[in-house]
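A.B. asks: Got a structure for you, structure.txt, holding compact mmCIF, C-alpha atoms.
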# COMPACT_ATOMS: atom_id res chain seq x y z
CA MET A 1 8.45 6.63 -0.84
CA ILE A 2 10.07 4.46 1.80
CA ARG A 3 13.80 4.54 2.25
CA GLY A 4 16.17 1.96 3.67
CA LYS A 5 18.91 2.50 6.24
CA ASP A 6 21.33 3.70 3.56
CA GLY A 7 18.78 6.15 2.14
CA SER A 8 17.92 4.18 -1.02
CA ILE A 9 14.27 3.79 -1.99
CA ILE A 10 12.85 0.38 -1.09
CA PRO A 11 10.79 -1.10 -3.94
CA LYS A 12 7.20 -2.02 -3.08
CA VAL A 13 7.79 -5.65 -4.10
CA VAL A 14 10.49 -5.92 -1.43
CA ILE A 15 8.20 -4.44 1.22
CA GLU A 16 5.52 -6.92 0.27
CA ARG A 17 7.99 -9.79 0.68
CA LEU A 18 9.01 -8.78 4.24
CA PRO A 19 6.05 -10.42 6.00
CA ARG A 20 7.00 -13.70 4.30
CA TYR A 21 10.52 -13.40 5.72
CA TYR A 22 8.99 -12.73 9.12
CA ARG A 23 6.81 -15.85 8.82
CA TYR A 24 9.86 -17.97 7.96
CA PHE A 25 11.91 -16.60 10.84
CA SER A 26 9.06 -17.29 13.27
CA TRP A 27 8.98 -20.85 12.03
CA LEU A 28 12.79 -21.31 12.04
CA GLU A 29 13.72 -19.67 15.32
CA ASP A 30 13.14 -22.77 17.44
CA LYS A 31 14.94 -24.99 14.96
CA VAL A 32 18.27 -23.33 14.16
CA GLU A 33 20.31 -20.38 15.33
CA LYS A 34 21.79 -19.18 12.05
CA ILE A 35 20.83 -19.58 8.43
CA SER A 36 22.64 -18.85 5.17
CA SER A 37 21.03 -16.74 2.43
CA LYS A 38 21.25 -19.85 0.20
CA LYS A 39 19.29 -22.04 2.63
CA LEU A 40 16.75 -19.29 3.32
CA GLY A 41 16.32 -18.80 -0.41
CA GLU A 42 15.69 -22.51 -0.86
CA TYR A 43 12.92 -22.47 1.74
CA MET A 44 11.32 -19.40 0.20
CA GLY A 45 11.76 -20.30 -3.44
CA ALA A 46 14.12 -17.37 -4.07
CA SER A 47 17.79 -17.07 -4.99
CA ALA A 48 20.48 -16.42 -2.39
CA SER A 49 21.30 -13.12 -4.06
CA GLN A 50 17.69 -11.96 -3.88
CA VAL A 51 17.57 -12.77 -0.17
CA ARG A 52 20.79 -10.81 0.41
CA LEU A 53 19.51 -7.88 -1.65
CA ASP A 54 16.10 -7.80 0.08
CA LEU A 55 17.58 -7.86 3.56
CA SER A 56 20.36 -5.41 2.73
CA TYR A 57 17.84 -2.55 2.62
CA PHE A 58 17.35 -2.91 6.35
CA GLY A 59 20.93 -2.82 7.45
CA ASP A 60 23.69 -5.34 7.80
CA PHE A 61 22.13 -8.31 9.55
CA GLY A 62 24.25 -11.04 8.00
CA GLN A 63 27.93 -11.79 8.25
CA GLN A 64 29.75 -13.14 5.21
CA GLY A 65 30.26 -16.88 5.69
CA TYR A 66 28.37 -16.97 8.99
CA GLY A 67 24.80 -16.54 7.87
CA TYR A 68 21.97 -14.61 9.44
CA ASN A 69 21.18 -14.76 13.14
CA ILE A 70 17.53 -15.74 13.07
CA LYS A 71 16.39 -14.42 16.46
CA LYS A 72 18.08 -11.07 15.89
CA LEU A 73 16.79 -10.74 12.35
CA LYS A 74 13.25 -11.69 13.40
CA GLN A 75 13.36 -9.02 16.11
CA GLU A 76 14.61 -6.42 13.61
CA LEU A 77 11.89 -7.35 11.12
CA ALA A 78 9.27 -7.14 13.88
CA ASN A 79 10.48 -3.60 14.58
CA ILE A 80 10.47 -2.71 10.90
CA LEU A 81 7.00 -4.16 10.37
CA LYS A 82 5.83 -2.54 13.63
CA ILE A 83 4.67 -5.93 14.91
CA ASN A 84 5.64 -4.87 18.40
CA THR A 85 3.69 -1.65 18.22
CA LYS A 86 -0.07 -1.72 18.40
CA THR A 87 -1.82 -0.76 15.19
CA LEU A 88 -5.49 0.17 15.47
CA PHE A 89 -7.87 -0.93 12.75
CA ILE A 90 -11.55 -1.10 11.90
CA ILE A 91 -13.62 -3.19 9.50
CA VAL A 92 -16.31 -1.58 7.33
CA GLY A 93 -19.00 -4.06 6.31
CA ALA A 94 -20.48 -6.64 8.71
CA GLY A 95 -21.44 -9.06 5.96
CA ASN A 96 -19.92 -12.38 5.19
CA ILE A 97 -16.27 -11.38 4.73
CA GLY A 98 -16.34 -8.69 7.43
CA ARG A 99 -17.68 -11.08 10.05
CA SER A 100 -15.14 -13.76 9.27
CA LEU A 101 -12.33 -11.20 9.58
CA VAL A 102 -13.54 -10.19 13.04
CA ARG A 103 -12.89 -13.78 14.09
CA TYR A 104 -9.52 -14.01 12.35
CA ASN A 105 -7.08 -14.54 15.22
CA PHE A 106 -3.87 -13.76 13.36
CA PHE A 107 -4.55 -10.03 13.52
CA LYS A 108 -4.16 -9.96 17.28
CA GLU A 109 -1.06 -12.19 17.16
CA ALA A 110 0.56 -9.74 14.75
CA GLY A 111 -0.18 -6.71 16.94
CA PHE A 112 -3.34 -5.38 15.27
CA ILE A 113 -6.20 -4.24 17.48
CA LEU A 114 -9.70 -4.25 16.06
CA LYS A 115 -11.60 -1.28 17.51
CA ALA A 116 -14.99 -1.55 15.75
CA ILE A 117 -16.93 -2.91 12.82
CA PHE A 118 -19.30 -0.70 10.81
CA ASP A 119 -22.40 -1.48 8.79
CA ILE A 120 -25.23 0.44 7.18
CA LYS A 121 -28.01 -1.85 8.45
CA PRO A 122 -29.60 -0.29 11.54
CA GLU A 123 -30.66 -3.70 12.89
CA LEU A 124 -27.00 -4.77 13.22
CA CYS A 125 -26.13 -1.72 15.26
CA CYS A 126 -24.74 -2.40 18.71
CA GLU A 127 -24.62 -6.15 18.15
CA SER A 128 -21.31 -7.58 19.33
CA ILE A 129 -19.23 -10.01 17.23
CA ASN A 130 -16.43 -11.74 19.09
CA GLY A 131 -16.43 -8.90 21.60
CA VAL A 132 -16.29 -6.17 18.96
CA GLN A 133 -19.19 -3.77 18.64
CA VAL A 134 -21.01 -3.18 15.35
CA ARG A 135 -21.61 0.54 14.81
CA HIS A 136 -23.65 2.43 12.26
CA VAL A 137 -21.64 3.66 9.29
CA ASP A 138 -22.92 7.21 9.94
CA THR A 139 -20.54 7.32 12.90
CA LEU A 140 -17.53 6.16 10.85
CA TYR A 141 -15.97 9.59 10.32
CA SER A 142 -16.16 10.71 13.94
CA PHE A 143 -15.02 7.32 15.25
CA ILE A 144 -11.83 7.40 13.16
CA GLN A 145 -11.08 10.95 14.26
CA GLU A 146 -11.71 10.31 17.95
CA ASN A 147 -9.90 6.97 18.14
CA LEU A 148 -6.98 7.76 15.78
CA ILE A 149 -7.53 4.61 13.74
CA ASP A 150 -4.61 3.65 11.49
CA ILE A 151 -5.97 1.09 9.06
CA ALA A 152 -9.44 0.25 7.67
CA ILE A 153 -10.51 -2.96 6.01
CA ILE A 154 -13.17 -2.45 3.34
CA ALA A 155 -15.53 -5.42 3.14
CA VAL A 156 -18.61 -3.77 1.61
CA PRO A 157 -20.31 -4.44 -1.76
CA ARG A 158 -18.61 -3.08 -4.86
CA GLU A 159 -21.26 -0.39 -5.40
CA VAL A 160 -20.51 1.49 -2.18
CA ALA A 161 -16.79 0.78 -1.79
CA ASN A 162 -15.59 4.07 -3.31
CA LYS A 163 -17.99 6.07 -1.18
CA VAL A 164 -16.67 4.34 1.95
CA ALA A 165 -13.05 4.89 0.86
CA LYS A 166 -13.72 8.61 0.45
CA VAL A 167 -15.06 8.93 4.00
CA LEU A 168 -12.17 6.90 5.40
CA ILE A 169 -9.52 9.06 3.75
CA GLU A 170 -11.26 12.32 4.69
CA ALA A 171 -11.44 11.15 8.28
CA GLY A 172 -7.69 10.59 8.33
CA ILE A 173 -7.25 6.84 7.90
CA ARG A 174 -3.68 6.03 6.88
CA GLY A 175 -4.03 2.78 4.95
CA ILE A 176 -6.75 0.61 3.41
CA LEU A 177 -6.96 -3.15 2.96
CA ASN A 178 -9.62 -3.63 0.29
CA PHE A 179 -11.66 -6.81 -0.15
CA ALA A 180 -14.27 -5.27 -2.49
CA PRO A 181 -13.82 -6.58 -6.04
CA LEU A 182 -12.73 -3.33 -7.66
CA ASP A 183 -9.74 -1.01 -7.78
CA LEU A 184 -10.58 1.89 -5.50
CA ASN A 185 -10.65 5.39 -6.88
CA ILE A 186 -8.31 6.98 -4.34
CA PRO A 187 -5.52 9.56 -4.45
CA LYS A 188 -2.38 8.30 -6.18
CA GLY A 189 0.16 7.00 -3.70
CA PHE A 190 -2.33 6.45 -0.88
CA PRO A 191 -1.37 3.19 0.89
CA VAL A 192 -3.75 0.44 -0.24
CA GLU A 193 -3.49 -3.33 -0.55
CA ASN A 194 -6.10 -5.38 -2.39
CA ILE A 195 -7.31 -8.89 -1.75
CA HIS A 196 -9.24 -9.85 -4.85
CA ILE A 197 -10.32 -13.42 -4.18
CA ILE A 198 -12.14 -13.78 -7.48
CA ASP A 199 -9.10 -12.64 -9.51
CA LYS A 200 -7.03 -15.33 -7.83
CA ILE A 201 -9.43 -18.16 -8.58
CA LEU A 202 -9.91 -16.94 -12.17
CA ALA A 203 -6.15 -16.89 -12.73
CA LEU A 204 -5.94 -20.38 -11.24
CA SER A 205 -8.78 -21.61 -13.40
CA PHE A 206 -7.03 -20.30 -16.48
CA ILE A 207 -3.80 -22.09 -15.59
CA VAL A 208 -5.63 -25.32 -14.75
CA ASN A 209 -7.74 -25.31 -17.90
CA SER A 210 -4.81 -24.46 -20.15
CA GLU A 211 -2.77 -27.48 -19.22
CA ASP A 212 -2.15 -30.09 -21.83
CA GLY A 213 -3.37 -33.59 -21.24
CA LYS A 214 -6.42 -34.83 -19.48
CA ARG A 215 -6.96 -35.58 -15.83
CA ILE A 216 -5.56 -38.96 -14.93
CA LYS A 217 -7.83 -40.99 -12.70
CA LYS A 218 -5.74 -43.10 -10.39
CA MET B 1 4.02 -23.40 -19.33
CA ILE B 2 1.16 -21.58 -20.98
CA ARG B 3 1.56 -20.35 -24.52
CA GLY B 4 -0.21 -17.56 -26.36
CA LYS B 5 -1.76 -17.72 -29.80
CA ASP B 6 1.60 -17.13 -31.47
CA GLY B 7 3.30 -19.86 -29.41
CA SER B 8 5.24 -17.58 -27.05
CA ILE B 9 5.24 -18.35 -23.33
CA ILE B 10 2.85 -16.13 -21.36
CA PRO B 11 4.45 -14.82 -18.15
CA LYS B 12 2.59 -15.62 -14.92
CA VAL B 13 2.29 -11.91 -14.07
CA VAL B 14 0.33 -11.38 -17.29
CA ILE B 15 -2.00 -14.29 -16.52
CA GLU B 16 -2.60 -12.87 -13.07
CA ARG B 17 -3.56 -9.52 -14.60
CA LEU B 18 -6.19 -11.00 -16.97
CA PRO B 19 -9.00 -11.17 -14.38
CA ARG B 20 -8.47 -7.46 -13.77
CA TYR B 21 -8.94 -6.76 -17.47
CA TYR B 22 -12.05 -8.90 -17.39
CA ARG B 23 -13.41 -6.90 -14.45
CA TYR B 24 -12.80 -3.62 -16.28
CA PHE B 25 -14.46 -4.84 -19.46
CA SER B 26 -17.53 -5.99 -17.48
CA TRP B 27 -17.74 -2.54 -15.98
CA LEU B 28 -17.14 -0.70 -19.28
CA GLU B 29 -19.30 -2.69 -21.67
CA ASP B 30 -22.50 -0.79 -20.91
CA LYS B 31 -20.72 2.55 -21.08
CA VAL B 32 -18.70 2.58 -24.31
CA GLU B 33 -18.22 0.43 -27.40
CA LYS B 34 -14.51 0.85 -28.00
CA ILE B 35 -11.58 1.86 -25.85
CA SER B 36 -7.97 2.79 -26.61
CA SER B 37 -5.05 1.12 -24.89
CA LYS B 38 -4.15 4.55 -23.47
CA LYS B 39 -7.58 5.06 -21.86
CA LEU B 40 -7.70 1.47 -20.59
CA GLY B 41 -4.22 1.91 -19.13
CA GLU B 42 -5.34 5.08 -17.34
CA TYR B 43 -8.25 3.25 -15.69
CA MET B 44 -6.03 0.38 -14.64
CA GLY B 45 -2.98 2.35 -13.60
CA ALA B 46 -0.83 0.86 -16.37
CA SER B 47 0.88 2.24 -19.47
CA ALA B 48 -0.69 1.97 -22.92
CA SER B 49 2.22 -0.17 -24.06
CA GLN B 50 1.77 -2.61 -21.19
CA VAL B 51 -1.92 -2.97 -22.07
CA ARG B 52 -1.05 -3.63 -25.71
CA LEU B 53 1.64 -6.13 -24.76
CA ASP B 54 -0.59 -7.98 -22.26
CA LEU B 55 -3.45 -8.35 -24.72
CA SER B 56 -1.22 -9.20 -27.66
CA TYR B 57 -0.58 -12.67 -26.19
CA PHE B 58 -4.17 -13.57 -26.84
CA GLY B 59 -4.42 -12.60 -30.48
CA ASP B 60 -5.06 -9.42 -32.32
CA PHE B 61 -8.11 -7.90 -30.63
CA GLY B 62 -7.29 -4.25 -31.23
CA GLN B 63 -7.02 -2.27 -34.42
CA GLN B 64 -4.41 0.46 -34.69
CA GLY B 65 -6.14 3.79 -34.23
CA TYR B 66 -9.56 2.29 -33.58
CA GLY B 67 -9.10 0.85 -30.12
CA TYR B 68 -10.39 -2.37 -28.62
CA ASN B 69 -13.95 -3.57 -29.10
CA ILE B 70 -15.01 -4.08 -25.50
CA LYS B 71 -17.80 -6.61 -25.94
CA LYS B 72 -15.70 -8.77 -28.25
CA LEU B 73 -12.65 -8.57 -26.03
CA LYS B 74 -14.68 -9.38 -22.92
CA GLN B 75 -16.09 -12.45 -24.65
CA GLU B 76 -12.61 -13.56 -25.72
CA LEU B 77 -11.27 -13.07 -22.20
CA ALA B 78 -14.20 -15.04 -20.79
CA ASN B 79 -13.27 -17.90 -23.12
CA ILE B 80 -9.61 -17.65 -22.17
CA LEU B 81 -10.39 -17.55 -18.46
CA LYS B 82 -12.97 -20.33 -18.92
CA ILE B 83 -15.62 -18.16 -17.32
CA ASN B 84 -18.20 -19.72 -19.60
CA THR B 85 -17.24 -23.26 -18.70
CA LYS B 86 -18.20 -24.69 -15.34
CA THR B 87 -15.28 -25.26 -13.01
CA LEU B 88 -15.92 -27.56 -10.05
CA PHE B 89 -14.35 -26.72 -6.71
CA ILE B 90 -14.39 -27.71 -3.07
CA ILE B 91 -13.41 -25.97 0.16
CA VAL B 92 -11.38 -27.77 2.82
CA GLY B 93 -11.94 -26.33 6.29
CA ALA B 94 -15.38 -25.32 7.60
CA GLY B 95 -14.00 -22.76 10.02
CA ASN B 96 -14.28 -19.06 9.87
CA ILE B 97 -12.77 -18.41 6.44
CA GLY B 98 -14.18 -21.56 4.84
CA ARG B 99 -17.73 -20.74 5.92
CA SER B 100 -17.55 -17.19 4.63
CA LEU B 101 -16.29 -18.45 1.26
CA VAL B 102 -19.27 -20.79 0.96
CA ARG B 103 -21.46 -17.70 1.07
CA TYR B 104 -19.29 -15.71 -1.35
CA ASN B 105 -21.62 -15.14 -4.32
CA PHE B 106 -18.99 -14.09 -6.84
CA PHE B 107 -17.86 -17.66 -7.36
CA LYS B 108 -21.14 -18.67 -8.95
CA GLU B 109 -21.25 -15.48 -11.06
CA ALA B 110 -17.82 -16.34 -12.46
CA GLY B 111 -18.80 -19.91 -13.35
CA PHE B 112 -17.42 -21.80 -10.34
CA ILE B 113 -19.56 -24.52 -8.80
CA LEU B 114 -18.97 -25.44 -5.16
CA LYS B 115 -19.53 -29.17 -4.76
CA ALA B 116 -18.72 -29.72 -1.08
CA ILE B 117 -16.97 -28.41 2.02
CA PHE B 118 -14.80 -30.68 4.16
CA ASP B 119 -13.89 -30.62 7.83
CA ILE B 120 -12.26 -32.91 10.36
CA LYS B 121 -14.82 -32.31 13.13
CA PRO B 122 -17.36 -35.18 13.13
CA GLU B 123 -20.07 -32.95 14.62
CA LEU B 124 -20.05 -30.72 11.52
CA CYS B 125 -20.57 -33.67 9.20
CA CYS B 126 -23.67 -33.52 7.04
CA GLU B 127 -24.56 -30.02 8.19
CA SER B 128 -25.51 -27.83 5.23
CA ILE B 129 -24.13 -24.30 4.71
CA ASN B 130 -25.91 -22.24 2.08
CA GLY B 131 -27.12 -25.48 0.49
CA VAL B 132 -23.64 -27.06 0.40
CA GLN B 133 -23.02 -30.18 2.45
CA VAL B 134 -20.18 -30.44 4.98
CA ARG B 135 -18.40 -33.79 4.62
CA HIS B 136 -15.78 -35.50 6.76
CA VAL B 137 -12.23 -34.99 5.53
CA ASP B 138 -11.75 -38.78 5.46
CA THR B 139 -13.91 -38.83 2.32
CA LEU B 140 -11.88 -36.07 0.59
CA TYR B 141 -9.78 -38.34 -1.63
CA SER B 142 -12.67 -40.44 -2.94
CA PHE B 143 -14.92 -37.40 -3.43
CA ILE B 144 -12.36 -35.65 -5.66
CA GLN B 145 -11.86 -38.82 -7.71
CA GLU B 146 -15.56 -39.54 -8.12
CA ASN B 147 -16.63 -35.97 -8.88
CA LEU B 148 -13.61 -34.88 -10.97
CA ILE B 149 -13.09 -31.73 -8.92
CA ASP B 150 -10.83 -29.14 -10.57
CA ILE B 151 -9.87 -26.72 -7.82
CA ALA B 152 -9.63 -26.88 -4.01
CA ILE B 153 -9.55 -24.00 -1.58
CA ILE B 154 -7.48 -24.69 1.52
CA ALA B 155 -8.89 -22.91 4.58
CA VAL B 156 -7.50 -25.09 7.37
CA PRO B 157 -5.06 -24.21 10.16
CA ARG B 158 -1.41 -23.87 9.22
CA GLU B 159 -0.43 -27.09 11.03
CA VAL B 160 -2.47 -29.38 8.79
CA ALA B 161 -2.35 -27.45 5.51
CA ASN B 162 0.51 -29.45 3.97
CA LYS B 163 -1.14 -32.74 4.89
CA VAL B 164 -4.35 -31.60 3.19
CA ALA B 165 -2.44 -30.40 0.10
CA LYS B 166 -0.79 -33.82 -0.23
CA VAL B 167 -4.15 -35.63 -0.23
CA LEU B 168 -5.61 -33.13 -2.71
CA ILE B 169 -2.77 -33.56 -5.19
CA GLU B 170 -2.73 -37.36 -4.86
CA ALA B 171 -6.47 -37.42 -5.51
CA GLY B 172 -5.96 -35.52 -8.76
CA ILE B 173 -6.90 -31.94 -7.93
CA ARG B 174 -5.58 -29.58 -10.61
CA GLY B 175 -5.14 -26.31 -8.75
CA ILE B 176 -5.10 -24.97 -5.18
CA LEU B 177 -6.17 -21.61 -3.76
CA ASN B 178 -4.46 -21.43 -0.38
CA PHE B 179 -5.69 -19.28 2.53
CA ALA B 180 -3.50 -20.97 5.19
CA PRO B 181 -0.69 -18.64 6.31
CA LEU B 182 2.23 -20.63 4.91
CA ASP B 183 3.81 -21.49 1.57
CA LEU B 184 2.66 -25.01 0.77
CA ASN B 185 5.23 -27.72 0.27
CA ILE B 186 3.99 -28.96 -3.11
CA PRO B 187 5.63 -30.18 -6.33
CA LYS B 188 7.36 -27.40 -8.28
CA GLY B 189 5.11 -25.99 -10.99
CA PHE B 190 1.86 -27.24 -9.48
CA PRO B 191 -0.78 -24.50 -9.96
CA VAL B 192 -1.26 -22.65 -6.68
CA GLU B 193 -2.37 -19.14 -5.73
CA ASN B 194 -2.00 -17.79 -2.21
CA ILE B 195 -4.16 -15.35 -0.30
CA HIS B 196 -2.12 -14.35 2.71
CA ILE B 197 -4.29 -11.82 4.50
CA ILE B 198 -1.83 -11.25 7.29
CA ASP B 199 1.05 -10.53 4.87
CA LYS B 200 -1.07 -7.85 3.22
CA ILE B 201 -1.94 -6.06 6.46
CA LEU B 202 1.66 -6.29 7.68
CA ALA B 203 2.94 -4.76 4.45
CA LEU B 204 0.32 -2.02 4.77
CA SER B 205 1.22 -1.39 8.39
CA PHE B 206 4.86 -1.01 7.43
CA ILE B 207 4.03 1.53 4.72
CA VAL B 208 1.68 3.44 7.02
CA ASN B 209 4.10 3.53 9.93
CA SER B 210 7.04 4.53 7.77
CA GLU B 211 5.46 7.69 6.49
CA ASP B 212 6.92 10.96 7.51
CA GLY B 213 4.80 13.39 9.41
CA LYS B 214 2.17 12.82 12.00
CA ARG B 215 -1.53 12.25 11.58
CA ILE B 216 -3.37 15.49 11.00
CA LYS B 217 -6.56 15.80 12.97
CA LYS B 218 -9.05 17.82 11.01
The structure in this file should be written as C-alpha cells.
C.D. replies:
Amino acid sequence: MIRGKDGSIIPKVVIERLPRYYRYFSWLEDKVEKISSKKLGEYMGASASQVRLDLSYFGDFGQQGYGYNIKKLKQELANILKINTKTLFIIVGAGNIGRSLVRYNFFKEAGFILKAIFDIKPELCCESINGVQVRHVDTLYSFIQENLIDIAIIAVPREVANKVAKVLIEAGIRGILNFAPLDLNIPKGFPVENIHIIDKILALSFIVNSEDGKRIKK
Amino acid sequence: MIRGKDGSIIPKVVIERLPRYYRYFSWLEDKVEKISSKKLGEYMGASASQVRLDLSYFGDFGQQGYGYNIKKLKQELANILKINTKTLFIIVGAGNIGRSLVRYNFFKEAGFILKAIFDIKPELCCESINGVQVRHVDTLYSFIQENLIDIAIIAVPREVANKVAKVLIEAGIRGILNFAPLDLNIPKGFPVENIHIIDKILALSFIVNSEDGKRIKK
C-alpha cells in the first residue's frame, strides 16, 4: 500500500502512469516553462481532470490558472520515482531476451545499475556481455544477499520461471520484472510487473482481424 | 469498435485480457476437462463474476453449475484471437530489441509469420537473422503493399519512431506493436499496443522504494 503526501492510498494505475508523465516532462522541459493540465492531458490522451487528480497525490505542484512548472515537477517526479537514486538490478536468463536487455541503454539513463546476469548453462559462465559478467544460477541466492540487489528481471523459459522467482524472493529481492509468458506464483502483494509480449500481439491481432472492411490497397 | 456476439461493444480492457485466458486454457487443458468461473478466477487473480462477464461477450460457453469446457473454450478463443489464421508481420529496426524479437519463438507458435526485418543501415541489408532477411527501410512501403502485411513491430530509436509509423500507416499496415519509448503520434483509434519496458521498471522501482521497513538480510 503506497500513500500520497496527504496519506491517501495511491491506486496502482496512477503509479503505473507516473513514468509516462516523467517521459513527457523530459521531452517538454526544453520547449516550455509551464504547462496547463488541459494541454498536458491533450499530449497524453487524458482529461485535464485526470491529470490534476494523478498529480495531486504527490503534493501541490500546480497553481490554479498558472499551470505546472515543468522543471520543478520533473525534478519532483524523479525523486518520487527514485530516478536520482541508484537502483541495483540483475537479469536471470542469458538467452535472447536477457541478452538484449543487457544492451538496453535506457536502464542506465534512468538510474538502474545492472550488476550481473545469470544463466544455468555452464559454458556461458564468466562470459561478459556489454561489460556485465554472466554468472551461474547456482550463485544467484548468495549474490543477491551479498550485493543487496533491489530488482530482478526474469527472462528464463516458462518452465523454470517459478523456481527462479522462489529463489529470488527467498534471497531478499524486492521487486520482479517478469518477461516469462506466465503469471508467477508469488506471495500476494509482492511487487511484480509483467511484460507479456505475446499477449500484446494477440490482443492487437484480435483488434486488427475484427475490423470491418477489407484492406484498401493504395 | 469491436462488438460481441450479442452486439454489445467489448471494452478494450476485456480484449487485452483474452490472451491471458488463452494462456490459462492452454495450460489447463491437459489437467482437467471443466473448470468453474470461481476456480478460473482464483488462478487468474480475478473474481468469478469478472470471469463470467469477460467470457459472456463471446457467447455462452459455460453452463450454470457445470463450469466451462476447457478444450471447447480454448478452441473458441483461438478462433476469436485468430490464432489459427496466419497473421503476417514485420519488424522495423534491426537493433538490439528487433534482433531478439526475430528469435522469439512464441510468435510462430501463436500463428504469426515474420516476413522481413527492416533497418536504415545499408551494411545490414540482405543479412539474414534466423532465416529472416534484413531489408533497407526505403523498401518498407512497397514491401507492405506487395505482401499485404498485417502488423508491424516498431523497434527503432525514439527520434525516428513517428516517421516510421507514418510510413507504415500510409502503406496500409493494420496494427502496430510499439517498443520505442514514446506514445506514437498516430490517428485516433488506430490499433496500437505499447511495450514500454522502462515505464515498467520505473513503476516497480517506485513501489519497491516506497515500502516501509528496510531489507532484511537472512
A.B. asks: Please determine, counting all atoms listed in the file, which residue among B:Leu40, B:Val164, B:Leu182, B:Ala46 has the shortest atom-to-atom distance to chain A.
C.D. replies: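 Among B:Leu40, B:Val164, B:Leu182, B:Ala46, it is B:Leu182 that comes nearest to chain A.
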A.B. asks: In terms of the shortest atom-to-atom distance over all atoms listed in the file, which of B:Ala180, B:Ile169, B:Ala203, B:Cys125 is closest to Tyr21 in chain A?
C.D. replies: B:Ala203
A.B. asks: Starting from chain A, keep only residues with some atom at most 6 Å from an atom of chain B, counting all atoms listed in the file, and report them as an NGL selection string.
C.D. replies: :A and (16 or 19 or 81 or 96-97 or 100 or 174 or 199 or 203 or 206 or 208)
A.B. asks: So how far away is CA of Arg158 in chain B from CA of Asn105 in chain A, in Å?
C.D. replies: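 Interatomic distance here is 12.5 Å.
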A.B. asks: Quick check, in Å to one decimal: how far apart do CA of Val160 in chain B and CA of Gln75 in chain A lie?
C.D. replies: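 Distance reported for this atom pair: 26.8 Å.
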A.B. asks: Can you list, as a PDB file with C-alpha atoms, in the coordinates of the input, every protein, DNA or RNA residue that comes within 12 Å of range 34-38 of chain A when you count all atoms listed in the file, leaving out same-chain residues fewer than 3 positions away?
C.D. replies:
ATOM      1  CA  TYR A  21      10.520 -13.400   5.720  1.00  0.00           C
ATOM      2  CA  TYR A  24       9.860 -17.970   7.960  1.00  0.00           C
ATOM      3  CA  PHE A  25      11.910 -16.600  10.840  1.00  0.00           C
ATOM      4  CA  LEU A  28      12.790 -21.310  12.040  1.00  0.00           C
ATOM      5  CA  GLU A  29      13.720 -19.670  15.320  1.00  0.00           C
ATOM      6  CA  ASP A  30      13.140 -22.770  17.440  1.00  0.00           C
ATOM      7  CA  LYS A  31      14.940 -24.990  14.960  1.00  0.00           C
ATOM      8  CA  GLY A  41      16.320 -18.800  -0.410  1.00  0.00           C
ATOM      9  CA  GLU A  42      15.690 -22.510  -0.860  1.00  0.00           C
ATOM     10  CA  TYR A  43      12.920 -22.470   1.740  1.00  0.00           C
ATOM     11  CA  MET A  44      11.320 -19.400   0.200  1.00  0.00           C
ATOM     12  CA  GLY A  45      11.760 -20.300  -3.440  1.00  0.00           C
ATOM     13  CA  ALA A  46      14.120 -17.370  -4.070  1.00  0.00           C
ATOM     14  CA  SER A  47      17.790 -17.070  -4.990  1.00  0.00           C
ATOM     15  CA  ALA A  48      20.480 -16.420  -2.390  1.00  0.00           C
ATOM     16  CA  SER A  49      21.300 -13.120  -4.060  1.00  0.00           C
ATOM     17  CA  GLN A  50      17.690 -11.960  -3.880  1.00  0.00           C
ATOM     18  CA  VAL A  51      17.570 -12.770  -0.170  1.00  0.00           C
ATOM     19  CA  ARG A  52      20.790 -10.810   0.410  1.00  0.00           C
ATOM     20  CA  LEU A  53      19.510  -7.880  -1.650  1.00  0.00           C
ATOM     21  CA  ASP A  54      16.100  -7.800   0.080  1.00  0.00           C
ATOM     22  CA  LEU A  55      17.580  -7.860   3.560  1.00  0.00           C
ATOM     23  CA  SER A  56      20.360  -5.410   2.730  1.00  0.00           C
ATOM     24  CA  PHE A  61      22.130  -8.310   9.550  1.00  0.00           C
ATOM     25  CA  GLY A  62      24.250 -11.040   8.000  1.00  0.00           C
ATOM     26  CA  GLN A  63      27.930 -11.790   8.250  1.00  0.00           C
ATOM     27  CA  GLN A  64      29.750 -13.140   5.210  1.00  0.00           C
ATOM     28  CA  GLY A  65      30.260 -16.880   5.690  1.00  0.00           C
ATOM     29  CA  TYR A  66      28.370 -16.970   8.990  1.00  0.00           C
ATOM     30  CA  GLY A  67      24.800 -16.540   7.870  1.00  0.00           C
ATOM     31  CA  TYR A  68      21.970 -14.610   9.440  1.00  0.00           C
ATOM     32  CA  ASN A  69      21.180 -14.760  13.140  1.00  0.00           C
ATOM     33  CA  ILE A  70      17.530 -15.740  13.070  1.00  0.00           C
ATOM     34  CA  LYS A  71      16.390 -14.420  16.460  1.00  0.00           C
ATOM     35  CA  LYS A  72      18.080 -11.070  15.890  1.00  0.00           C
ATOM     36  CA  LEU A  73      16.790 -10.740  12.350  1.00  0.00           C
ATOM     37  CA  LYS A  74      13.250 -11.690  13.400  1.00  0.00           C
TER      38      LYS A  74
END
A.B. asks: In Å, with one decimal, what is the gap from CA of Ile10 in chain A to CA of Ile90 in chain A?
C.D. replies: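 Answer for the CA of Ile10 in chain A to CA of Ile90 in chain A separation: 27.7 Å.
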A.B. asks: Using all atoms listed in the file, determine which residues lie at most 8 Å from Leu184 in chain A, disregarding the query and same-chain residues fewer than 2 positions distant; provide the list as a list in words.
C.D. replies: Ala161, Asn162, Ala165, Leu182 and Ile186 of chain A
A.B. asks: Name the residues in contact with Gln133 in chain B at a cut-off of 9 Å, using all atoms listed in the file, excluding same-chain residues fewer than 3 positions from it; report them as a list in words.
C.D. replies: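 Answer for this query is Lys115, Ala116, Ile117, Phe118, Cys125, Cys126, Glu127, Ser128, Ile129 and Asn130 of chain B.
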